[in-house]
file input-v1.cif (mmCIF, C-alpha atoms)
data_upload
#
loop_
_atom_site.label_atom_id
_atom_site.label_comp_id
_atom_site.auth_asym_id
_atom_site.auth_seq_id
_atom_site.Cartn_x
_atom_site.Cartn_y
_atom_site.Cartn_z
CA MET M 285 123.83 -32.94 4.67
CA GLY M 286 122.05 -35.96 6.27
CA PHE M 287 118.52 -37.13 5.62
CA ASP M 288 117.30 -35.88 9.00
CA ARG M 289 118.71 -32.45 8.27
CA LEU M 290 116.98 -32.42 4.89
CA LEU M 291 113.69 -33.24 6.60
CA ARG M 292 114.22 -30.36 9.04
CA TRP M 293 114.99 -27.97 6.17
CA ARG M 294 111.80 -29.15 4.42
CA HIS M 295 109.82 -27.78 7.37
CA THR M 296 111.77 -24.49 7.50
CA GLY M 297 109.58 -21.51 6.67
CA THR M 298 112.53 -19.31 5.67
CA LEU M 299 113.68 -21.91 3.13
CA ARG M 300 110.19 -22.18 1.68
CA ILE M 301 110.00 -18.41 1.27
CA ALA M 302 113.41 -18.30 -0.43
CA LEU M 303 112.55 -21.23 -2.70
CA ILE M 304 109.22 -19.67 -3.68
CA HIS M 305 111.07 -16.46 -4.58
CA SER M 306 113.60 -18.43 -6.65
CA ALA M 307 110.81 -20.45 -8.27
CA ALA M 308 109.07 -17.20 -9.24
CA ILE M 309 112.27 -15.95 -10.91
CA LEU M 310 112.70 -19.30 -12.68
CA PHE M 311 109.08 -19.22 -13.84
CA ALA M 312 109.51 -15.68 -15.16
CA THR M 313 112.69 -16.75 -17.01
CA ALA M 314 110.94 -19.80 -18.48
CA LEU M 315 107.94 -17.69 -19.51
CA LEU M 316 110.20 -15.11 -21.17
CA GLY M 317 112.15 -17.87 -22.93
CA GLY M 318 108.96 -19.50 -24.13
CA LEU M 319 107.65 -16.21 -25.51
CA VAL M 320 110.95 -15.46 -27.27
CA VAL M 321 111.17 -18.94 -28.79
CA HIS M 322 107.52 -18.77 -29.88
CA ALA M 323 108.03 -15.32 -31.44
CA PHE M 324 111.17 -16.55 -33.20
CA HIS M 325 109.33 -19.67 -34.35
CA VAL M 326 106.50 -17.58 -35.80
CA THR M 327 108.95 -15.21 -37.51
CA VAL M 328 110.97 -18.01 -39.10
CA GLN M 329 107.79 -19.80 -40.17
CA ARG M 330 106.58 -16.64 -41.87
CA GLN M 331 109.93 -16.27 -43.63
CA VAL M 332 109.80 -19.87 -44.88
CA ASP M 333 106.20 -19.42 -46.04
CA GLN M 334 107.17 -16.16 -47.73
CA ARG M 335 110.02 -17.89 -49.65
CA ILE M 336 107.65 -20.65 -50.79
CA THR M 337 105.02 -18.09 -51.81
CA ASP M 338 107.58 -15.99 -53.74
CA ASP M 339 108.88 -19.11 -55.45
CA ALA M 340 105.33 -20.12 -56.42
CA ARG M 341 104.61 -16.69 -57.87
CA SER M 342 107.82 -16.81 -59.89
CA LEU M 343 106.94 -20.25 -61.33
CA VAL M 344 103.43 -19.09 -62.20
CA HIS M 345 104.96 -16.07 -63.96
CA HIS M 346 107.29 -18.32 -66.00
CA PHE M 347 104.33 -20.53 -66.92
CA ARG M 348 102.33 -17.57 -68.20
CA LYS M 349 105.26 -16.35 -70.26
CA GLY M 350 106.66 -19.63 -71.58
CA GLY M 351 104.00 -22.20 -70.96
CA ARG M 352 104.82 -25.61 -69.56
CA VAL M 353 108.29 -25.56 -71.19
CA GLY M 354 109.13 -22.28 -69.50
CA LEU M 355 107.81 -23.63 -66.20
CA VAL M 356 109.96 -26.78 -66.34
CA GLY M 357 113.03 -24.73 -67.24
CA ALA M 358 112.47 -22.34 -64.40
CA MET M 359 112.07 -25.28 -62.01
CA ALA M 360 115.39 -26.76 -63.15
CA GLN M 361 117.12 -23.40 -62.79
CA ARG M 362 115.69 -22.82 -59.28
CA ALA M 363 116.65 -26.30 -58.16
CA ASP M 364 120.27 -25.21 -58.40
CA MET M 365 119.68 -21.75 -56.91
CA MET M 366 117.48 -22.84 -53.94
CA PRO M 367 118.12 -26.54 -53.32
CA ASP M 368 116.35 -26.47 -49.93
CA LEU M 369 112.97 -26.21 -51.72
CA LEU M 370 111.47 -29.17 -53.58
CA ARG M 371 109.32 -28.59 -56.67
CA ALA M 372 107.15 -30.73 -58.90
CA VAL M 373 104.49 -30.19 -61.55
CA PHE M 374 101.60 -32.60 -62.09
CA ALA M 375 99.21 -32.95 -65.06
CA ARG M 376 95.46 -32.65 -64.75
CA ASP M 377 95.15 -36.44 -64.31
CA GLY M 378 97.69 -36.42 -61.46
CA HIS M 379 100.77 -37.97 -63.06
CA ARG M 380 104.07 -36.19 -62.43
CA ILE M 381 105.43 -34.24 -65.38
CA ALA M 382 108.69 -32.98 -63.82
CA GLY M 383 110.34 -32.26 -60.49
CA ALA M 384 111.03 -34.14 -57.23
CA ALA M 385 109.77 -37.70 -57.23
CA VAL M 386 108.99 -37.65 -53.48
CA LEU M 387 106.23 -35.10 -53.92
CA ALA M 388 102.64 -36.00 -54.69
CA VAL M 389 99.85 -33.93 -56.13
CA GLU M 390 98.00 -31.94 -53.47
CA PRO M 391 94.89 -29.71 -53.49
CA PRO M 392 95.59 -26.00 -53.82
CA GLY M 393 96.71 -24.27 -50.64
CA TRP M 394 98.96 -25.07 -47.66
CA ARG M 395 99.54 -28.55 -46.26
CA GLN M 396 101.76 -30.09 -43.59
CA VAL M 397 102.78 -33.61 -44.67
CA MET M 398 105.44 -36.26 -44.05
CA LEU M 399 107.83 -37.12 -46.86
CA HIS M 400 109.01 -40.72 -47.08
CA LEU M 401 112.56 -40.73 -48.45
CA ARG M 402 114.73 -43.72 -49.11
CA HIS M 403 116.99 -45.03 -46.36
CA ILE M 404 115.97 -42.33 -43.84
CA ALA M 405 113.05 -41.78 -41.52
CA PRO M 406 110.07 -39.73 -42.72
CA ILE M 407 110.62 -36.00 -42.47
CA PRO M 408 108.03 -33.20 -42.10
CA ALA M 409 107.42 -30.85 -44.99
CA ARG M 410 105.54 -27.60 -45.51
CA ILE M 411 103.77 -27.78 -48.90
CA PHE M 412 102.07 -25.11 -51.05
CA SER M 413 100.12 -26.07 -54.18
CA VAL M 414 99.00 -23.80 -57.07
CA ARG M 415 96.55 -24.76 -59.85
CA LEU M 416 97.72 -23.46 -63.28
CA GLY M 417 95.57 -22.32 -66.15
CA ASP M 418 95.87 -25.59 -68.13
CA GLY M 419 94.67 -27.64 -65.16
CA SER M 420 98.14 -28.79 -64.04
CA THR M 421 99.35 -28.27 -60.47
CA VAL M 422 102.67 -26.92 -59.15
CA VAL M 423 103.72 -28.25 -55.74
CA ILE M 424 106.48 -26.54 -53.73
CA ALA M 425 107.76 -27.99 -50.43
CA SER M 426 110.22 -27.00 -47.74
CA ALA M 427 111.49 -30.37 -46.47
CA GLY M 428 112.72 -30.80 -42.95
CA ASP M 429 112.01 -28.81 -39.80
CA ALA M 430 113.63 -25.59 -40.89
CA VAL M 431 111.79 -23.64 -38.20
CA GLY M 432 112.86 -26.04 -35.45
CA ALA M 433 116.44 -26.08 -36.67
CA ALA M 434 116.57 -22.29 -36.67
CA ALA M 435 114.97 -22.04 -33.21
CA ALA M 436 117.07 -24.82 -31.66
CA PRO M 437 120.07 -22.61 -30.68
CA ILE M 438 117.81 -20.10 -28.94
CA THR M 439 115.92 -22.91 -27.21
CA ARG M 440 119.17 -24.44 -25.95
CA LEU M 441 120.33 -21.02 -24.80
CA PHE M 442 117.20 -20.52 -22.71
CA VAL M 443 117.37 -24.07 -21.35
CA PHE M 444 120.95 -23.48 -20.18
CA GLN M 445 119.92 -20.12 -18.80
CA GLY M 446 117.02 -21.76 -16.94
CA LEU M 447 119.34 -24.36 -15.42
CA ALA M 448 121.75 -21.63 -14.37
CA VAL M 449 118.92 -19.60 -12.85
CA ALA M 450 117.65 -22.72 -11.04
CA MET M 451 121.07 -23.52 -9.57
CA LEU M 452 121.71 -19.93 -8.60
CA GLY M 453 118.18 -19.71 -7.17
CA ILE M 454 118.70 -22.81 -5.02
CA ALA M 455 122.08 -21.56 -3.84
CA SER M 456 120.72 -18.11 -3.02
CA ALA M 457 117.67 -19.70 -1.36
CA LEU M 458 119.93 -21.76 0.90
CA LEU M 459 122.04 -18.72 1.76
CA LEU M 460 119.02 -16.50 2.38
CA SER M 461 117.29 -19.21 4.39
CA GLY M 462 120.40 -19.74 6.48
CA TYR M 463 120.66 -16.02 7.19
CA LEU M 464 117.00 -15.69 8.11
CA ARG M 465 117.10 -18.88 10.19
CA ARG M 466 120.13 -17.68 12.15
CA ARG M 467 118.49 -14.33 12.91
CA LEU M 468 115.18 -15.94 13.93
CA GLU M 469 116.90 -18.70 15.95
CA ALA M 470 118.82 -16.05 17.89
CA MET M 471 115.52 -14.39 18.80
CA ALA M 472 113.92 -17.77 19.59
CA ASP M 473 116.83 -18.74 21.88
CA THR M 474 116.45 -15.48 23.74
CA ALA M 475 112.69 -16.01 24.07
CA ARG M 476 113.22 -19.57 25.38
CA ALA M 477 115.74 -18.29 27.92
CA ILE M 478 113.26 -15.65 29.10
CA MET M 479 110.54 -18.32 29.38
CA VAL M 480 112.64 -20.34 31.84
CA GLY M 481 113.23 -17.32 34.07
CA ARG M 482 116.27 -15.54 32.63
CA LEU M 483 114.48 -12.22 32.40
CA GLU M 484 117.72 -10.29 31.92
CA ARG M 485 118.20 -11.68 28.39
CA ARG M 486 117.47 -9.41 25.45
CA MET M 487 117.11 -9.81 21.69
CA PRO M 488 120.42 -9.51 19.81
CA ILE M 489 120.98 -6.40 17.70
CA LYS M 490 123.64 -6.50 14.96
CA GLY M 491 122.86 -3.51 12.76
CA ASP M 492 119.92 -1.42 11.64
CA ASP M 493 117.85 -3.69 9.42
CA GLU M 494 114.24 -4.80 9.92
CA PHE M 495 115.25 -7.56 12.33
CA ASP M 496 117.25 -5.13 14.45
CA ARG M 497 114.40 -2.62 14.56
CA LEU M 498 112.03 -5.41 15.59
CA ALA M 499 114.54 -6.54 18.23
CA THR M 500 114.75 -2.98 19.55
CA VAL M 501 110.98 -2.79 19.97
CA LEU M 502 110.88 -6.23 21.62
CA ASN M 503 113.69 -5.29 23.99
CA ALA M 504 111.82 -2.15 25.02
CA MET M 505 108.73 -4.26 25.63
CA LEU M 506 110.78 -6.79 27.64
CA ASP M 507 112.27 -3.99 29.73
CA ARG M 508 108.77 -2.75 30.54
CA ILE M 509 107.49 -6.26 31.32
CA SER M 510 110.53 -7.00 33.47
CA ALA M 511 110.01 -3.81 35.44
CA LEU M 512 106.31 -4.61 35.97
CA ILE M 513 107.08 -8.19 37.01
CA GLY M 514 109.78 -6.99 39.36
CA ASN M 515 107.43 -4.51 40.98
CA LEU M 516 104.68 -7.13 41.27
CA ARG M 517 107.06 -9.69 42.70
CA GLN M 518 108.45 -7.18 45.18
CA VAL M 519 104.97 -6.16 46.31
CA SER M 520 103.90 -9.80 46.65
CA SER M 521 107.03 -10.73 48.58
CA ASP M 522 106.69 -7.70 50.84
CA ILE M 523 103.06 -8.54 51.59
CA ALA M 524 103.88 -12.19 52.23
CA HIS M 525 106.82 -11.38 54.49
CA ASP M 526 104.99 -8.62 56.33
CA LEU M 527 102.02 -10.88 57.00
CA ARG M 528 104.11 -13.90 57.87
CA THR M 529 105.80 -12.14 60.80
CA PRO M 530 102.63 -11.19 62.72
CA LEU M 531 101.06 -14.56 61.88
CA THR M 532 104.10 -16.30 63.29
CA ARG M 533 103.86 -14.24 66.47
CA LEU M 534 100.14 -15.04 66.66
CA ARG M 535 100.87 -18.71 66.35
CA VAL M 536 103.58 -18.61 69.01
CA GLU M 537 101.35 -16.74 71.41
CA ALA M 538 98.42 -19.08 70.76
CA GLU M 539 100.64 -22.12 71.25
CA ARG M 540 102.04 -20.70 74.47
CA ALA M 541 98.57 -19.89 75.71
CA ALA M 542 97.36 -23.36 74.85
CA GLY M 543 100.27 -24.88 76.77
CA GLU M 544 99.67 -22.71 79.82
CA TRP M 545 95.91 -22.99 79.78
CA ASP M 546 94.57 -24.41 83.01
CA GLY M 547 90.92 -23.92 82.37
CA SER M 548 88.35 -25.85 80.41
CA ASP M 549 89.06 -28.27 77.62
CA ARG M 550 86.88 -26.22 75.31
CA GLY M 551 89.12 -23.15 75.64
CA ARG M 552 92.20 -25.27 75.08
CA ALA M 553 90.59 -26.70 71.94
CA ARG M 554 89.87 -23.22 70.62
CA LEU M 555 93.49 -22.18 71.17
CA ALA M 556 94.65 -25.34 69.41
CA SER M 557 92.33 -24.44 66.51
CA ILE M 558 93.93 -21.00 66.33
CA VAL M 559 97.37 -22.63 66.15
CA ALA M 560 96.20 -24.93 63.37
CA GLN M 561 94.68 -22.08 61.38
CA ALA M 562 97.85 -20.02 61.79
CA ASP M 563 99.85 -23.01 60.51
CA ASP M 564 97.47 -23.25 57.57
CA VAL M 565 97.93 -19.59 56.66
CA LEU M 566 101.72 -19.86 57.04
CA ASP M 567 101.73 -22.88 54.76
CA LEU M 568 99.70 -20.88 52.25
CA PHE M 569 102.20 -18.02 52.21
CA ALA M 570 105.12 -20.47 52.06
CA ALA M 571 103.55 -22.11 49.01
CA LEU M 572 102.96 -18.75 47.31
CA LEU M 573 106.53 -17.66 47.96
CA ARG M 574 107.83 -20.99 46.70
CA ILE M 575 105.81 -20.76 43.48
CA SER M 576 106.98 -17.17 42.91
CA GLU M 577 110.59 -18.18 43.45
CA ILE M 578 110.28 -21.12 41.04
CA GLU M 579 108.54 -19.07 38.35
CA ALA M 580 111.27 -16.44 38.67
CA GLY M 581 113.86 -19.11 37.90
CA GLY M 582 115.62 -18.89 41.22
CA GLY M 583 115.27 -22.61 41.89
CA ARG M 584 117.64 -23.55 39.06
CA ARG M 585 120.60 -22.86 41.33
CA GLY M 586 120.11 -26.30 42.87
CA PHE M 587 120.18 -28.16 39.54
CA GLY M 588 122.42 -31.19 39.10
CA LEU M 589 122.40 -34.75 37.80
CA ILE M 590 119.95 -36.83 39.82
CA ASP M 591 118.84 -40.46 39.72
CA LEU M 592 115.15 -40.05 39.00
CA SER M 593 114.50 -43.79 39.36
CA ALA M 594 115.87 -43.85 42.91
CA LEU M 595 113.99 -40.64 43.79
CA VAL M 596 110.62 -42.05 42.66
CA GLU M 597 111.17 -45.34 44.50
CA ASP M 598 112.16 -43.51 47.71
CA MET M 599 109.08 -41.29 47.62
CA CYS M 600 106.75 -44.21 46.90
CA GLU M 601 108.22 -46.33 49.70
CA SER M 602 107.94 -43.39 52.10
CA TYR M 603 104.29 -42.61 51.34
CA GLU M 604 102.97 -46.12 50.85
CA PRO M 605 102.28 -46.65 54.61
CA ALA M 606 100.42 -43.33 54.86
CA LEU M 607 98.14 -44.22 51.95
CA ARG M 608 97.60 -47.70 53.35
CA ASP M 609 96.58 -46.24 56.72
CA GLY M 610 94.08 -44.04 54.85
CA GLY M 611 92.47 -47.09 53.24
CA ARG M 612 94.16 -46.65 49.85
CA ARG M 613 96.73 -48.67 47.97
CA LEU M 614 99.92 -47.30 46.42
CA ASP M 615 101.79 -49.33 43.79
CA TRP M 616 104.61 -48.32 41.52
CA ALA M 617 106.60 -49.48 38.48
CA VAL M 618 109.89 -47.69 37.98
CA ALA M 619 112.28 -48.08 35.05
CA GLN M 620 115.84 -48.27 36.29
CA GLY M 621 118.71 -46.03 35.29
CA VAL M 622 116.66 -42.94 34.45
CA ALA M 623 118.77 -39.86 35.23
CA ILE M 624 118.01 -36.20 34.46
CA VAL M 625 119.36 -32.76 35.31
CA GLY M 626 117.18 -31.06 37.89
CA ASP M 627 116.55 -30.16 41.52
CA ARG M 628 116.00 -33.29 43.62
CA GLN M 629 114.05 -31.47 46.32
CA LEU M 630 111.71 -29.78 43.85
CA LEU M 631 111.05 -32.97 41.89
CA ALA M 632 110.37 -34.81 45.13
CA GLN M 633 107.94 -32.04 46.10
CA ALA M 634 106.15 -32.34 42.75
CA LEU M 635 105.77 -36.12 43.09
CA VAL M 636 104.61 -35.82 46.69
CA ASN M 637 102.00 -33.23 45.68
CA LEU M 638 100.63 -35.52 42.96
CA ILE M 639 100.47 -38.51 45.33
CA GLU M 640 98.82 -36.47 48.07
CA ASN M 641 96.41 -34.95 45.58
CA ALA M 642 95.38 -38.46 44.50
CA ALA M 643 95.02 -39.55 48.15
CA ILE M 644 93.06 -36.51 49.34
CA HIS M 645 90.55 -36.29 46.50
CA THR M 646 89.70 -40.00 46.15
CA PRO M 647 87.53 -42.26 48.35
CA PRO M 648 88.92 -45.19 50.39
CA GLU M 649 89.78 -48.39 48.48
CA THR M 650 91.23 -46.24 45.68
CA ARG M 651 94.36 -47.59 43.96
CA VAL M 652 97.13 -45.09 43.19
CA PHE M 653 99.74 -46.22 40.68
CA VAL M 654 103.04 -44.39 40.02
CA THR M 655 105.04 -45.21 36.87
CA LEU M 656 108.36 -43.99 35.50
CA ASP M 657 109.21 -44.94 31.94
CA GLN M 658 111.87 -43.83 29.48
CA GLY M 659 110.92 -44.01 25.81
CA GLU M 660 112.83 -43.14 22.69
CA ASP M 661 111.77 -39.50 22.70
CA ALA M 662 110.63 -38.70 26.25
CA ILE M 663 110.73 -39.61 29.93
CA LEU M 664 107.26 -40.09 31.43
CA LEU M 665 106.45 -39.84 35.14
CA SER M 666 102.77 -40.46 35.85
CA VAL M 667 100.51 -40.76 38.90
CA ARG M 668 97.24 -42.52 38.10
CA ASP M 669 94.25 -43.34 40.30
CA ASP M 670 90.91 -45.04 39.76
CA GLY M 671 88.91 -42.42 41.68
CA PRO M 672 86.23 -40.03 40.39
CA GLY M 673 88.69 -38.05 38.23
CA ILE M 674 88.33 -34.47 36.95
CA PRO M 675 85.96 -33.39 34.14
CA ALA M 676 87.77 -32.70 30.88
CA ALA M 677 86.60 -29.08 30.86
CA ASP M 678 88.31 -28.43 34.23
CA ARG M 679 91.67 -30.18 33.70
CA VAL M 680 93.45 -27.06 32.51
CA ARG M 681 91.70 -24.72 34.93
CA VAL M 682 92.73 -26.68 38.07
CA LEU M 683 96.39 -25.96 37.26
CA GLN M 684 95.80 -22.31 38.10
CA ARG M 685 96.28 -20.92 41.59
CA PHE M 686 93.45 -21.12 44.14
CA ILE M 687 91.22 -23.11 41.76
CA ARG M 688 89.23 -25.76 43.64
CA LEU M 689 86.35 -27.74 42.21
CA ASP M 690 83.07 -28.03 44.07
CA ALA M 691 83.79 -31.67 44.95
CA SER M 692 87.02 -30.60 46.74
CA ARG M 693 85.63 -27.78 48.88
CA ALA M 694 85.33 -30.00 51.94
CA THR M 695 88.93 -31.28 51.73
CA PRO M 696 91.91 -29.40 53.21
CA GLY M 697 94.06 -27.27 50.96
CA HIS M 698 94.15 -23.97 49.07
CA GLY M 699 94.25 -25.05 45.42
CA LEU M 700 98.02 -24.53 45.13
CA GLY M 701 99.26 -28.12 44.92
CA LEU M 702 98.89 -28.58 41.18
CA SER M 703 100.02 -24.99 40.57
CA LEU M 704 103.27 -25.79 42.37
CA VAL M 705 103.68 -28.98 40.33
CA ALA M 706 103.10 -27.03 37.10
CA ALA M 707 105.71 -24.43 38.11
CA ILE M 708 108.26 -27.14 38.97
CA ALA M 709 107.54 -28.91 35.68
CA GLU M 710 108.03 -25.72 33.66
CA MET M 711 111.32 -25.04 35.44
CA HIS M 712 112.53 -28.52 34.43
CA ARG M 713 111.21 -28.04 30.86
CA MET M 714 108.59 -30.70 31.46
CA THR M 715 104.95 -30.62 30.47
CA LEU M 716 102.23 -31.44 32.98
CA THR M 717 99.02 -32.87 31.54
CA LEU M 718 95.94 -34.25 33.26
CA GLU M 719 94.38 -37.14 31.36
CA ASP M 720 91.41 -39.45 31.73
CA ALA M 721 92.47 -42.76 33.34
CA GLY M 722 89.09 -44.37 32.63
CA PRO M 723 88.09 -44.28 35.47
CA GLY M 724 90.10 -41.82 37.47
CA LEU M 725 92.75 -39.24 36.73
CA CYS M 726 96.27 -39.62 35.34
CA ALA M 727 98.75 -36.77 35.91
CA VAL M 728 101.68 -37.06 33.50
CA LEU M 729 105.02 -35.24 33.67
CA ARG M 730 106.72 -35.50 30.27
CA LEU M 731 110.35 -34.54 29.64
CA LYS M 732 111.51 -34.59 26.02
CA VAL M 733 114.81 -36.42 25.58
CA GLU M 734 117.59 -34.21 24.18
CA GLY M 735 118.13 -34.89 20.48
CA ALA M 736 114.64 -36.32 19.92
CA PRO M 737 112.80 -34.93 16.88
CA HIS M 738 110.44 -32.04 17.55
CA ASP M 739 106.73 -32.49 17.09
#
call {"tool": "encode", "arguments": {"input": "input-v1.cif", "output": "structure tokens"}}
result
Amino acid sequence: MGFDRLLRWRHTGTLRIALIHSAAILFATALLGGLVVHAFHVTVQRQVDQRITDDARSLVHHFRKGGRVGLVGAMAQRADMMPDLLRAVFARDGHRIAGAAVLAVEPPGWRQVMLHLRHIAPIPARIFSVRLGDGSTVVIASAGDAVGAAAAPITRLFVFQGLAVAMLGIASALLLSGYLRRRLEAMADTARAIMVGRLERRMPIKGDDEFDRLATVLNAMLDRISALIGNLRQVSSDIAHDLRTPLTRLRVEAERAAGEWDGSDRGRARLASIVAQADDVLDLFAALLRISEIEAGGGRRGFGLIDLSALVEDMCESYEPALRDGGRRLDWAVAQGVAIVGDRQLLAQALVNLIENAAIHTPPETRVFVTLDQGEDAILLSVRDDGPGIPAADRVRVLQRFIRLDASRATPGHGLGLSLVAAIAEMHRMTLTLEDAGPGLCAVLRLKVEGAPHD
């Protein structure tokens, strides 16, 4: 698994959910192990303390029966019977009378000390001291970490169990994440296909689990949406076609009448105006039908590998004289060798619309600059001008159909140019953004390069 793949898995929600579940199980195992070890530690410590206490009581009993001689004898006898306990008796002045030389006199009660033995490192000891009737003191110690030694096997067992749970948790998290990711990716692929116009696609169903029940509901919703869109598209197409026929006849009749008119120039001008208005309405319906066709995904039939660099240069060279005649300047900078899969005619239409939009809505002496650049992660096609621009609050709104700002009311058009560009961009999986050129407006078409990391 490469580093890039690890980074992608780090941002995978399904893996995080699975790892959190595994971490919860590991935490519960560690908590249980800690409680068991602590309980075992407390139990063993009590047993050790109980042995020391019983031994102290027995020595006190021997002292009461036989005095100091009986006490020393009992200590010698117990040294052979219980060698893990150290014993010593000290006189009132503190000097050792008998017993282990490593022990020192201590105040009555429990103490935790370190014993310094020869040739080995200091070891911990649990000490209990008892003051006898003649003023002497009996000291009993359990040397070494008896509690830790007794708890060590259980601790190792839980450590090994924790490692096993961690490895099994990671493995199960990867398997669960892979399963969830595959199911969600299948749904995401279907949704992306529907977004680009393949409305016949449906969510995959493999069984009867929660994902399949969700897919069933989504498919029913998609069926309903598809039926509504189909009805709306059919009604729109029928209206457009039904109106286009009489408008075409009106235009033909007006054009014929204008050609045969032998009266005043004013009447001929009115007939010419009728022809122009009919052309305007026909162009409007043609644009609406074209946008509907593109949004339905029908335009992808003309897709193929095209030289985008050559296309941009051709369009700029073709429109440069027209902008120059209008008092504007068109310049371009095109990176060579940029090729993409798309529809040449549609991309040319999108670029033409952006250039014309910059020419129509800017004053004379405006400079329009077209650039095509290929970066590491995206191809950028931009049309920038140094005109008045568009307010930031309106840059998203003008991409909708029939939206025209107050400053553009006096210019020809129906507010469909940028809508058509946005539809063409979406078909080609591009993003269209309108940015501030400072001054002016910059329209950017951005196509993510295949294989580039996602944002």
call {"tool": "resolve_selection", "arguments": {"input": "input-v1.cif", "expression": "the PyMOL selection byres ((chain M and resi 631) around 12)", "output": "number ranges by chain"}}
result
M: 578, 583-584, 586-588, 590-596, 599, 624-630, 632-638, 665, 704-712, 714, 729
call {"tool": "closest_atom_pairs", "arguments": {"input": "input-v1.cif", "of": "range 414-516 of chain M", "to": "range 348-357 of chain M", "cutoff": "10 Å", "atoms": "only C-alpha atoms", "output": "tab-separated table"}}
result
residue	atom	partner	partner_atom	distance
M:Leu416	CA	M:Arg348	CA	9.0
M:Gly417	CA	M:Arg348	CA	8.5
M:Asp418	CA	M:Arg352	CA	9.1
M:Ser420	CA	M:Arg352	CA	9.2
M:Val422	CA	M:Leu355	CA	9.3
call {"tool": "atom_distance", "arguments": {"input": "input-v1.cif", "atom1": "CA of Gly453 in chain M", "atom2": "CA of Leu316 in chain M"}}
result
16.8 Å
call {"tool": "closest_residue", "arguments": {"input": "input-v1.cif", "among": "M:Tyr603, M:Phe374, M:Phe495, M:Phe444", "to": "Arg466 in chain M", "atoms": "all atoms listed in the file"}}
result
M:Phe495
call {"tool": "residues_around", "arguments": {"input": "input-v1.cif", "residues": "Leu370 in chain M", "least_positions_apart": "6", "cutoff": "9 Å", "atoms": "only C-alpha atoms", "output": "PyMOL selection string"}}
result
chain M and resi 363+383-384+386-387+423-427
call {"tool": "write_last_selection", "arguments": {"input": "input-v1.cif", "atoms": "C-alpha atoms", "output": "short mmCIF file (atom, residue, chain, number, x, y, z; two decimals), keeping the file's coordinate frame"}}
result
data_model
loop_
_atom_site.label_atom_id
_atom_site.label_comp_id
_atom_site.auth_asym_id
_atom_site.auth_seq_id
_atom_site.Cartn_x
_atom_site.Cartn_y
_atom_site.Cartn_z
CA ALA M 363 116.65 -26.30 -58.16
CA GLY M 383 110.34 -32.26 -60.49
CA ALA M 384 111.03 -34.14 -57.23
CA VAL M 386 108.99 -37.65 -53.48
CA LEU M 387 106.23 -35.10 -53.92
CA VAL M 423 103.72 -28.25 -55.74
CA ILE M 424 106.48 -26.54 -53.73
CA ALA M 425 107.76 -27.99 -50.43
CA SER M 426 110.22 -27.00 -47.74
CA ALA M 427 111.49 -30.37 -46.47
#
call {"tool": "atom_distance", "arguments": {"input": "input-v1.cif", "atom1": "CA of Pro723 in chain M", "atom2": "CA of Ile674 in chain M"}}
result
9.9 Å
call {"tool": "atom_distance", "arguments": {"input": "input-v1.cif", "atom1": "CA of Ala560 in chain M", "atom2": "CA of Ala642 in chain M"}}
result
23.2 Å
call {"tool": "closest_residue", "arguments": {"input": "input-v1.cif", "among": "M:Leu506, M:Val501, M:Ala662, M:Val682", "to": "Met479 in chain M", "atoms": "all atoms listed in the file"}}
result
M:Leu506
call {"tool": "residues_around", "arguments": {"input": "input-v1.cif", "residues": "Ala385 in chain M", "least_positions_apart": "3", "cutoff": "8 Å", "atoms": "only C-alpha atoms", "output": "ChimeraX atom specification"}}
result
/M:372,380,388
call {"tool": "closest_residue", "arguments": {"input": "input-v1.cif", "among": "M:Val622, M:Val321, M:Ala677, M:Leu656", "to": "Arg440 in chain M", "atoms": "only C-alpha atoms"}}
result
M:Val321
call {"tool": "closest_residue", "arguments": {"input": "input-v1.cif", "among": "M:Ile438, M:Ala721, M:Leu731, M:Ile381", "to": "Phe324 in chain M", "atoms": "only C-alpha atoms"}}
result
M:Ile438
call {"tool": "residues_around", "arguments": {"input": "input-v1.cif", "residues": "Ala448 in chain M", "least_positions_apart": "6", "cutoff": "12 Å", "atoms": "only C-alpha atoms", "output": "mmCIF file with C-alpha atoms, in the coordinates of the input"}}
result
data_model
loop_
_atom_site.group_PDB
_atom_site.id
_atom_site.type_symbol
_atom_site.label_atom_id
_atom_site.label_comp_id
_atom_site.auth_asym_id
_atom_site.auth_seq_id
_atom_site.Cartn_x
_atom_site.Cartn_y
_atom_site.Cartn_z
ATOM 1 C CA SER M 306 113.600 -18.430 -6.650
ATOM 2 C CA ILE M 309 112.270 -15.950 -10.910
ATOM 3 C CA LEU M 310 112.700 -19.300 -12.680
ATOM 4 C CA THR M 313 112.690 -16.750 -17.010
ATOM 5 C CA ALA M 314 110.940 -19.800 -18.480
ATOM 6 C CA LEU M 441 120.330 -21.020 -24.800
ATOM 7 C CA PHE M 442 117.200 -20.520 -22.710
ATOM 8 C CA ILE M 454 118.700 -22.810 -5.020
ATOM 9 C CA ALA M 455 122.080 -21.560 -3.840
ATOM 10 C CA SER M 456 120.720 -18.110 -3.020
#
call {"tool": "resolve_selection", "arguments": {"input": "input-v1.cif", "expression": "the PyMOL selection byres ((chain M and resi 489) around 10)", "output": "list in words"}}
result
Arg467, Ala470, Met471, Arg486, Met487, Pro488, Lys490, Gly491, Asp492, Asp493, Phe495, Asp496, Arg497, Leu498, Ala499, Thr500 and Asn503 of chain M
call {"tool": "resolve_selection", "arguments": {"input": "input-v1.cif", "expression": "the PyMOL selection byres ((chain M and resi 604-606) around 12)", "output": "list in words"}}
result
Val596, Glu597, Asp598, Met599, Cys600, Glu601, Ser602, Tyr603, Leu607, Arg608, Asp609, Gly610, Gly611, Arg612, Arg613, Leu614, Asp615, Trp616, Val636, Ile639, Glu640, Ala643, Ile644, Arg651, Val652, Phe653 and Val654 of chain M
